[in-house]
>>> print(open('final10.txt').read())   # compact mmCIF, C-alpha atoms
# COMPACT_ATOMS: atom_id res chain seq x y z
CA MET A 1 140.68 107.76 69.35
CA ALA A 2 139.27 104.26 69.20
CA ASN A 3 139.57 104.03 72.95
CA ILE A 4 137.64 107.25 73.42
CA ILE A 5 134.86 106.06 71.13
CA ALA A 6 134.77 102.74 72.95
CA LEU A 7 134.64 104.57 76.28
CA ILE A 8 131.79 106.81 75.12
CA GLY A 9 129.96 103.79 73.76
CA PHE A 10 130.47 101.88 76.99
CA GLY A 11 129.36 104.88 79.06
CA SER A 12 126.24 105.43 76.95
CA THR A 13 125.32 101.76 77.19
CA LEU A 14 125.78 101.85 80.95
CA VAL A 15 123.63 104.97 81.31
CA GLY A 16 120.97 103.49 79.02
CA ILE A 17 120.79 100.20 80.91
CA SER A 18 120.67 102.03 84.24
CA GLN A 19 117.81 104.15 82.98
CA VAL A 20 115.85 101.09 81.84
CA ILE A 21 116.39 99.41 85.22
CA TYR A 22 115.51 102.59 87.10
CA THR A 23 112.32 103.02 85.04
CA TYR A 24 111.35 99.41 85.65
CA MET A 25 111.87 99.75 89.41
CA GLU A 26 110.05 103.06 89.58
CA ASN A 27 107.04 101.67 87.69
CA ASN A 28 107.03 98.71 90.09
CA GLU A 29 106.94 101.09 93.03
CA ARG A 30 104.22 103.07 91.32
CA GLU A 31 102.05 99.97 90.94
CA LYS A 32 102.54 99.13 94.61
CA ARG A 33 101.50 102.66 95.53
CA LEU A 34 98.38 102.41 93.38
CA LEU A 35 97.50 99.06 94.94
CA SER A 36 97.89 100.58 98.39
CA ALA A 37 95.08 102.97 97.42
CA PHE A 38 92.91 99.87 97.01
CA HIS A 39 94.06 98.41 100.31
CA GLN A 40 93.64 101.57 102.31
CA GLY A 41 90.54 102.78 100.50
CA THR A 42 90.33 106.33 99.24
CA VAL A 43 87.27 107.57 101.06
CA SER A 44 87.65 110.34 103.57
CA VAL A 45 84.87 110.87 106.10
CA VAL A 46 82.62 113.84 105.60
CA GLY A 47 83.26 116.30 108.42
CA ASN A 48 79.78 116.20 109.88
CA ASP A 49 79.33 116.25 113.66
CA ASN A 50 75.66 115.54 113.24
CA PHE A 51 76.11 112.22 111.45
CA ILE A 52 73.64 109.75 112.86
CA GLU A 53 74.14 106.04 112.57
CA ARG A 54 71.26 104.50 110.66
CA PRO A 55 71.80 100.81 111.43
CA GLY A 56 69.06 99.49 109.14
CA ILE A 57 70.16 101.38 106.03
CA SER A 58 73.89 101.16 106.89
CA LYS A 59 73.64 97.37 106.87
CA HIS A 60 72.30 97.39 103.29
CA VAL A 61 74.89 99.95 102.18
CA ARG A 62 77.62 97.77 103.72
CA GLU A 63 76.31 94.73 101.83
CA ILE A 64 76.45 96.67 98.58
CA LEU A 65 79.95 98.00 99.25
CA GLN A 66 81.33 94.62 100.29
CA PRO A 67 80.19 92.28 97.52
CA PRO A 68 81.25 88.63 97.60
CA GLN A 69 83.71 87.23 95.11
CA GLY A 70 82.07 86.39 91.81
CA TYR A 71 79.39 89.07 92.18
CA ASP A 72 78.25 89.78 88.63
CA SER A 73 76.19 92.96 88.79
CA TYR A 74 76.55 96.64 89.40
CA ASP A 75 74.36 98.42 91.93
CA MET A 76 72.67 101.72 92.47
CA ILE A 77 71.89 103.81 95.55
CA VAL A 78 69.06 106.25 94.97
CA GLY A 79 67.39 108.87 97.11
CA PHE A 80 65.99 112.38 97.08
CA GLN A 81 68.39 115.26 97.51
CA GLY A 82 69.29 115.94 101.12
CA THR A 83 68.56 112.46 102.46
CA GLY A 84 72.21 111.93 103.39
CA LYS A 85 73.24 109.45 100.69
CA THR A 86 76.75 110.81 100.26
CA THR A 87 77.39 111.09 104.01
CA LEU A 88 76.16 107.56 104.59
CA VAL A 89 78.08 106.03 101.69
CA ARG A 90 81.29 107.81 102.61
CA ASN A 91 81.06 106.87 106.27
CA VAL A 92 80.44 103.22 105.49
CA SER A 93 83.11 103.19 102.75
CA HIS A 94 85.65 104.71 105.12
CA GLN A 95 85.38 101.65 107.35
CA HIS A 96 86.32 99.18 104.62
CA GLN A 97 89.14 98.58 102.20
CA GLY A 98 88.98 98.05 98.47
CA ILE A 99 86.70 100.99 97.79
CA ILE A 100 87.60 103.76 95.38
CA TYR A 101 85.29 106.75 95.63
CA VAL A 102 84.87 109.19 92.75
CA ASN A 103 82.64 112.21 93.09
CA VAL A 104 81.15 113.77 89.98
CA GLY A 105 81.55 117.42 90.87
CA THR A 106 79.88 120.24 89.03
CA LEU A 107 83.17 120.98 87.26
CA ASN A 108 84.05 117.43 86.21
CA THR A 109 81.10 116.31 84.14
CA SER A 110 83.21 116.14 80.99
CA GLU A 111 85.06 112.94 80.15
CA ASP A 112 88.39 114.61 80.81
CA GLY A 113 87.17 116.15 84.07
CA PHE A 114 85.84 112.83 85.25
CA ALA A 115 89.09 111.10 84.31
CA ARG A 116 91.02 113.65 86.36
CA ALA A 117 88.73 113.15 89.37
CA PHE A 118 89.19 109.40 88.98
CA ALA A 119 92.97 109.81 88.73
CA GLU A 120 92.96 111.90 91.89
CA ALA A 121 90.87 109.35 93.77
CA LEU A 122 93.20 106.57 92.69
CA ARG A 123 96.30 108.70 93.32
CA TRP A 124 97.17 107.85 89.75
CA THR A 125 100.19 109.23 87.96
CA PRO A 126 101.38 108.34 84.45
CA CYS A 127 103.92 105.57 84.37
CA ARG A 128 107.49 106.38 83.39
CA CYS A 129 108.65 105.43 79.93
CA SER A 130 112.27 104.42 79.33
CA TRP A 131 114.17 105.58 76.25
CA PHE A 132 114.29 101.96 75.13
CA GLU A 133 110.49 101.68 75.05
CA VAL A 134 110.20 105.05 73.31
CA LEU A 135 112.61 103.99 70.59
CA LEU A 136 110.92 100.63 70.13
CA SER A 137 107.54 102.29 69.78
CA ILE A 138 108.75 104.29 66.77
CA ASP A 139 108.50 101.24 64.55
CA SER A 140 105.60 99.81 66.54
CA VAL A 141 107.86 97.05 67.85
CA THR A 142 106.08 97.51 71.15
CA PRO A 143 102.57 98.87 71.57
CA LYS A 144 102.48 102.62 71.90
CA HIS A 145 103.03 103.73 75.44
CA PRO A 146 99.88 104.87 77.22
CA LYS A 147 101.57 107.90 78.67
CA PHE A 148 102.64 109.40 75.41
CA GLY A 149 100.22 108.05 72.86
CA LYS A 150 101.83 107.66 69.48
CA LEU A 151 105.34 108.89 69.06
CA SER A 152 104.72 111.40 66.32
CA ARG A 153 108.13 112.43 65.10
CA LEU A 154 111.76 112.82 65.94
CA ASP A 155 113.23 116.25 65.59
CA TYR A 156 116.93 116.90 65.57
CA SER A 157 117.78 120.44 66.44
CA SER A 158 121.31 121.77 66.29
CA SER A 159 120.26 125.02 67.92
CA GLU A 160 119.63 123.19 71.17
CA GLY A 161 123.24 122.23 71.68
CA ASN A 162 123.13 119.14 69.51
CA ASN A 163 120.59 117.44 71.71
CA LEU A 164 118.24 114.93 70.22
CA ILE A 165 114.80 116.30 70.93
CA ILE A 166 111.97 113.87 70.95
CA ILE A 167 108.61 115.52 70.51
CA LEU A 168 105.76 113.46 71.84
CA THR A 169 102.13 114.25 71.24
CA MET B 1 102.38 116.37 79.36
CA ILE B 2 99.53 113.89 79.56
CA ASP B 3 97.42 113.29 76.49
CA THR B 4 94.03 114.21 77.96
CA THR B 5 92.04 112.56 75.17
CA ARG B 6 93.50 109.22 76.23
CA LEU B 7 93.37 109.78 79.97
CA PHE B 8 89.93 108.27 80.53
CA PRO B 9 90.46 104.93 78.70
CA GLU B 10 93.96 104.74 80.13
CA ILE B 11 92.76 105.07 83.73
CA ILE B 12 89.91 102.62 83.21
CA LYS B 13 92.37 100.14 81.71
CA GLU B 14 94.84 100.52 84.55
CA PHE B 15 92.08 100.44 87.17
CA SER B 16 90.87 97.12 85.71
CA HIS B 17 94.39 95.73 85.81
CA LEU B 18 94.85 96.79 89.45
CA ALA B 19 91.40 95.46 90.34
CA LYS B 20 92.37 92.02 89.05
CA THR B 21 95.57 92.07 91.12
CA TYR B 22 93.66 93.25 94.20
CA GLN B 23 91.06 90.53 93.75
CA GLU B 24 93.70 87.81 93.41
CA GLU B 25 95.30 88.95 96.66
CA ASN B 26 92.13 89.55 98.67
CA ARG B 27 89.57 87.14 97.22
CA ARG B 28 87.08 89.99 97.02
CA PRO B 29 86.29 92.40 94.17
CA PRO B 30 87.15 96.06 94.66
CA VAL B 31 84.30 98.53 94.47
CA LEU B 32 84.19 101.70 92.42
CA VAL B 33 81.71 104.18 93.91
CA ILE B 34 80.64 106.95 91.56
CA ASP B 35 78.70 109.59 93.45
CA ASN B 36 76.35 112.26 92.05
CA VAL B 37 75.90 110.62 88.65
CA ASN B 38 72.66 112.61 88.40
CA ARG B 39 74.88 115.50 87.26
CA LEU B 40 76.05 113.42 84.30
CA ALA B 41 72.50 112.51 83.33
CA VAL B 42 71.78 116.19 82.77
CA GLU B 43 75.09 117.53 81.50
CA ASN B 44 76.80 114.57 79.83
CA PRO B 45 74.43 111.61 79.28
CA SER B 46 76.82 109.94 76.87
CA LEU B 47 79.48 109.69 79.60
CA LEU B 48 76.90 108.15 81.93
CA ARG B 49 76.03 105.58 79.24
CA ASN B 50 79.72 104.92 78.79
CA LEU B 51 80.21 104.40 82.53
CA GLN B 52 77.21 102.09 82.64
CA ASP B 53 78.71 100.03 79.81
CA ILE B 54 82.05 99.88 81.65
CA ALA B 55 80.22 98.78 84.82
CA LYS B 56 78.43 96.08 82.86
CA ASP B 57 81.61 94.80 81.24
CA ALA B 58 83.40 94.76 84.60
CA ALA B 59 80.49 92.82 86.10
CA ASP B 60 80.52 90.37 83.17
CA ASP B 61 84.21 89.70 83.72
CA ARG B 62 83.94 89.86 87.54
CA VAL B 63 86.73 92.42 87.62
CA PHE B 64 85.22 95.07 89.88
CA VAL B 65 81.83 96.15 91.13
CA THR B 66 80.49 99.60 90.36
CA VAL B 67 78.06 101.40 92.64
CA PHE B 68 76.30 104.45 91.25
CA VAL B 69 74.98 106.94 93.78
CA THR B 70 72.34 109.27 92.44
CA SER B 71 69.43 111.50 93.30
CA GLU B 72 65.97 110.76 91.99
CA GLY B 73 65.35 112.11 88.51
CA HIS B 74 66.96 111.72 85.12
CA ALA B 75 69.84 109.41 86.09
CA PRO B 76 67.85 106.42 87.42
CA ARG B 77 65.41 106.75 84.52
CA GLN B 78 68.23 106.84 81.99
CA MET B 79 70.05 103.95 83.60
CA MET B 80 67.02 101.75 84.05
CA GLY B 81 65.68 102.44 80.55
CA LYS B 82 63.27 104.85 79.03
CA LEU B 83 60.30 102.51 78.77
CA SER B 84 58.29 104.56 81.27
CA THR B 85 58.65 107.74 79.23
CA LEU B 86 58.08 105.99 75.89
CA LEU B 87 54.81 104.53 77.12
CA TYR B 88 53.27 108.00 77.04
CA THR B 89 53.84 108.28 73.31
CA ILE B 90 52.26 105.04 72.10
CA SER B 91 48.82 104.85 70.60
CA SER B 92 48.34 101.19 69.74
CA LEU B 93 49.14 97.72 71.04
CA SER B 94 51.49 97.00 68.14
CA GLN B 95 53.50 100.11 68.98
CA LEU B 96 53.66 99.02 72.61
CA ILE B 97 54.97 95.59 71.64
CA LEU B 98 57.50 97.14 69.27
CA ILE B 99 58.75 99.58 71.90
CA ILE B 100 59.05 96.87 74.57
CA TYR B 101 60.97 94.77 72.04
CA MET B 102 63.27 97.63 71.10
CA VAL B 103 63.95 98.69 74.67
CA ASN B 104 64.37 95.27 76.18
CA ILE B 105 65.81 93.20 73.37
CA LEU B 106 67.58 95.60 71.07
CA GLY B 107 68.13 98.26 73.70
CA ARG B 108 71.15 98.77 75.87
CA SER B 109 72.17 95.45 77.32
CA SER B 110 74.06 97.17 80.13
CA ARG B 111 70.80 97.34 82.09
CA SER B 112 70.79 93.57 82.25
CA ARG B 113 73.60 93.69 84.82
CA LEU B 114 71.91 96.22 87.07
CA GLY B 115 71.65 94.41 90.38
CA LYS B 116 70.53 95.90 93.69
CA ILE B 117 68.81 99.26 93.83
CA LEU B 118 68.84 100.67 97.35
CA THR B 119 66.57 103.59 98.08
CA ILE B 120 67.55 105.90 100.92
CA GLY B 121 64.66 107.83 102.37
CA ASP B 122 64.09 110.34 105.13
CA ILE B 123 64.83 109.54 108.77
CA ASN B 124 62.05 108.67 111.20
CA PRO B 125 60.94 110.74 114.24
CA ALA B 126 63.09 108.69 116.63
CA GLU B 127 66.15 109.33 114.48
CA VAL B 128 65.29 113.04 114.35
CA ARG B 129 65.25 113.05 118.16
CA ASP B 130 68.62 111.21 118.27
CA LEU B 131 70.12 113.71 115.87
CA LEU B 132 68.88 116.67 117.91
CA VAL B 133 70.11 115.13 121.19
CA LYS B 134 73.48 114.58 119.56
CA SER B 135 73.54 118.20 118.47
CA GLY B 136 72.76 119.44 121.97
CA ALA B 137 70.82 117.96 124.88
CA GLU B 138 68.56 121.00 125.12
CA TYR B 139 67.30 120.50 121.55
CA GLU B 140 65.42 117.27 122.33
CA LYS B 141 62.29 119.23 123.26
CA TYR B 142 62.12 120.57 119.70
CA SER B 143 62.17 117.19 118.01
CA GLU B 144 58.43 116.89 117.38
CA VAL B 145 58.16 120.45 116.19
CA VAL B 146 61.18 120.06 113.90
CA TYR B 147 59.82 116.82 112.46
CA GLY B 148 56.48 118.50 111.90
CA LEU B 149 58.22 121.41 110.23
CA VAL B 150 60.71 119.70 107.89
CA GLY B 151 59.89 116.00 108.07
CA GLY B 152 62.82 113.61 108.18
CA ARG B 153 65.03 115.28 105.58
CA ILE B 154 68.50 115.37 107.13
CA LYS B 155 69.59 118.35 105.07
CA TYR B 156 66.88 120.57 106.59
CA ILE B 157 67.27 119.19 110.10
CA ASN B 158 70.96 120.06 110.00
CA GLN B 159 69.93 123.52 108.85
CA VAL B 160 67.60 123.83 111.84
CA VAL B 161 70.39 122.73 114.19
CA ARG B 162 72.76 125.30 112.71
CA GLU B 163 70.15 128.02 113.19
CA LEU B 164 69.44 126.91 116.78
CA ARG B 165 73.14 127.01 117.55
CA ALA B 166 73.39 130.46 116.04
CA GLY B 167 70.62 131.56 118.40
CA SER B 168 67.98 132.18 115.73
CA SER B 169 64.37 132.55 116.77
CA TRP B 170 61.77 130.00 115.74
CA LYS B 171 60.03 132.62 113.66
CA GLY B 172 63.22 133.42 111.77
CA MET B 173 63.97 129.75 111.26
CA VAL B 174 60.52 129.03 109.86
CA MET B 175 60.96 131.95 107.47
CA ILE B 176 64.25 130.48 106.23
CA LEU B 177 62.89 126.97 105.80
CA VAL B 178 59.60 127.93 104.25
>>> encode(input="final10.txt", output="structure tokens")
Amino acid sequence: MANIIALIGFGSTLVGISQVIYTYMENNEREKRLLSAFHQGTVSVVGNDNFIERPGISKHVREILQPPQGYDSYDMIVGFQGTGKTTLVRNVSHQHQGIIYVNVGTLNTSEDGFARAFAEALRWTPCRCSWFEVLLSIDSVTPKHPKFGKLSRLDYSSSEGNNLIIILT
Amino acid sequence: MIDTTRLFPEIIKEFSHLAKTYQEENRRPPVLVIDNVNRLAVENPSLLRNLQDIAKDAADDRVFVTVFVTSEGHAPRQMMGKLSTLLYTISSLSQLILIIYMVNILGRSSRSRLGKILTIGDINPAEVRDLLVKSGAEYEKYSEVVYGLVGGRIKYINQVVRELRAGSSWKGMVMILV
């Protein structure tokens, strides 16, 4: 009996450690993937056959989109509707790295909608949370995990085949 | 399930973290382009103010550079301050001084980090001709007429090109544009 308990304990520990390592590695991969969005840029060219190169304006747009290190301002590109701002910005952005482009569509003017558009542009996905971090966050040993917010309660349900069900809100 | 109420601050936080890493590797700040912010100025001004504050903080810390792309109208006015609109409501010099003080000193400090403002205007006649030649060699002869009809607004010139390609008559095209 003692051997069986020891075996179960050993097995559980092994599974737990593996899961922590797996989560760590997967989150590392995730960060690399997100950084690749920066390196590759996330701007697709507008499919417009009639795009005309406007060297004078393009030069200024390029300067704005490729700021030097230590640049301490934010900039604005303004123009009347239909002057080709979006086409120009997207075409110039497409040629450079380090540019994340977020379009405020008519359906994403809410904070949540904007966040989703931003997430899509960044190819963002929530990071994985290991059981170890979840358990630690119960007593606020570690800061609450961004994916799950605060761990609200633990619910043990025997009707679910004696599984420990963790409800996260 | 993602907690949507925390999604926005979470993404901004992670974006800032990634921006720092990118900058360390590339010795250049990444750029966040937010297009069509004019829609926010009308439908969700508080989010636009929030984004402007984030842009200011990022500029202060040299983490990333934000570029807002907008049409003329509410958005540039909101982002550059409301002094121009407030000036219509004043009736005395003391009020003017008070308003300038409130807007510029006590007002939103995020405007202080607003750097370059690039205005994109219409294209010139030579560029209209280039665009028409690019659309089809036979359209060059229309360039002066098209410029006279719609000016240098690319949106309308593209509309003219589409109509020409579809075989529309000049009369029909003028009807559509006017």
>>> residues_near_point(input="final10.txt", point="(92.9, 96.2, 96.0)", cutoff="12 Å", atoms="only C-alpha atoms", output="MDAnalysis selection string")
(chainID A and resid 31:42 96:100 122) or (chainID B and resid 15:32 63:64)
>>> interface_residues(input="final10.txt", of="chain A", to="chain B", cutoff="7 Å", atoms="all atoms listed in the file", output="MDAnalysis selection string")
chainID A and resid 35 50 52 65 67:85 98:104 109:112 115 119 146:149
>>> closest_residue(input="final10.txt", among="B:Leu149, B:Arg49, B:Tyr142, B:Met80", to="B:Leu164", atoms="only C-alpha atoms")
B:Tyr142
>>> atom_distance(input="final10.txt", atom1="atom CA of A:Val43", atom2="atom CA of A:Ala121")
8.3 Å
>>> atom_distance(input="final10.txt", atom1="atom CA of A:Ser18", atom2="atom CA of A:Cys127")
17.1 Å
>>> atom_distance(input="final10.txt", atom1="atom CA of B:Ser169", atom2="atom CA of B:Lys141")
15.0 Å
>>> residues_around(input="final10.txt", residues="B:Gly172", least_positions_apart="6", cutoff="12 Å", atoms="only C-alpha atoms", output="PyMOL selection string")
chain B and resi 160+163-164+166+178
>>> residues_around(input="final10.txt", residues="A:Thr23", least_positions_apart="2", cutoff="9 Å", atoms="all atoms listed in the file", output="PyMOL selection string")
chain A and resi 18-21+25-28+127-130
>>> write_last_selection(input="final10.txt", atoms="C-alpha atoms", output="CSV table (one decimal), keeping the file's coordinate frame")
chain,number,residue,atom,x,y,z
A,18,SER,CA,120.7,102.0,84.2
A,19,GLN,CA,117.8,104.2,83.0
A,20,VAL,CA,115.8,101.1,81.8
A,21,ILE,CA,116.4,99.4,85.2
A,25,MET,CA,111.9,99.8,89.4
A,26,GLU,CA,110.0,103.1,89.6
A,27,ASN,CA,107.0,101.7,87.7
A,28,ASN,CA,107.0,98.7,90.1
A,127,CYS,CA,103.9,105.6,84.4
A,128,ARG,CA,107.5,106.4,83.4
A,129,CYS,CA,108.6,105.4,79.9
A,130,SER,CA,112.3,104.4,79.3
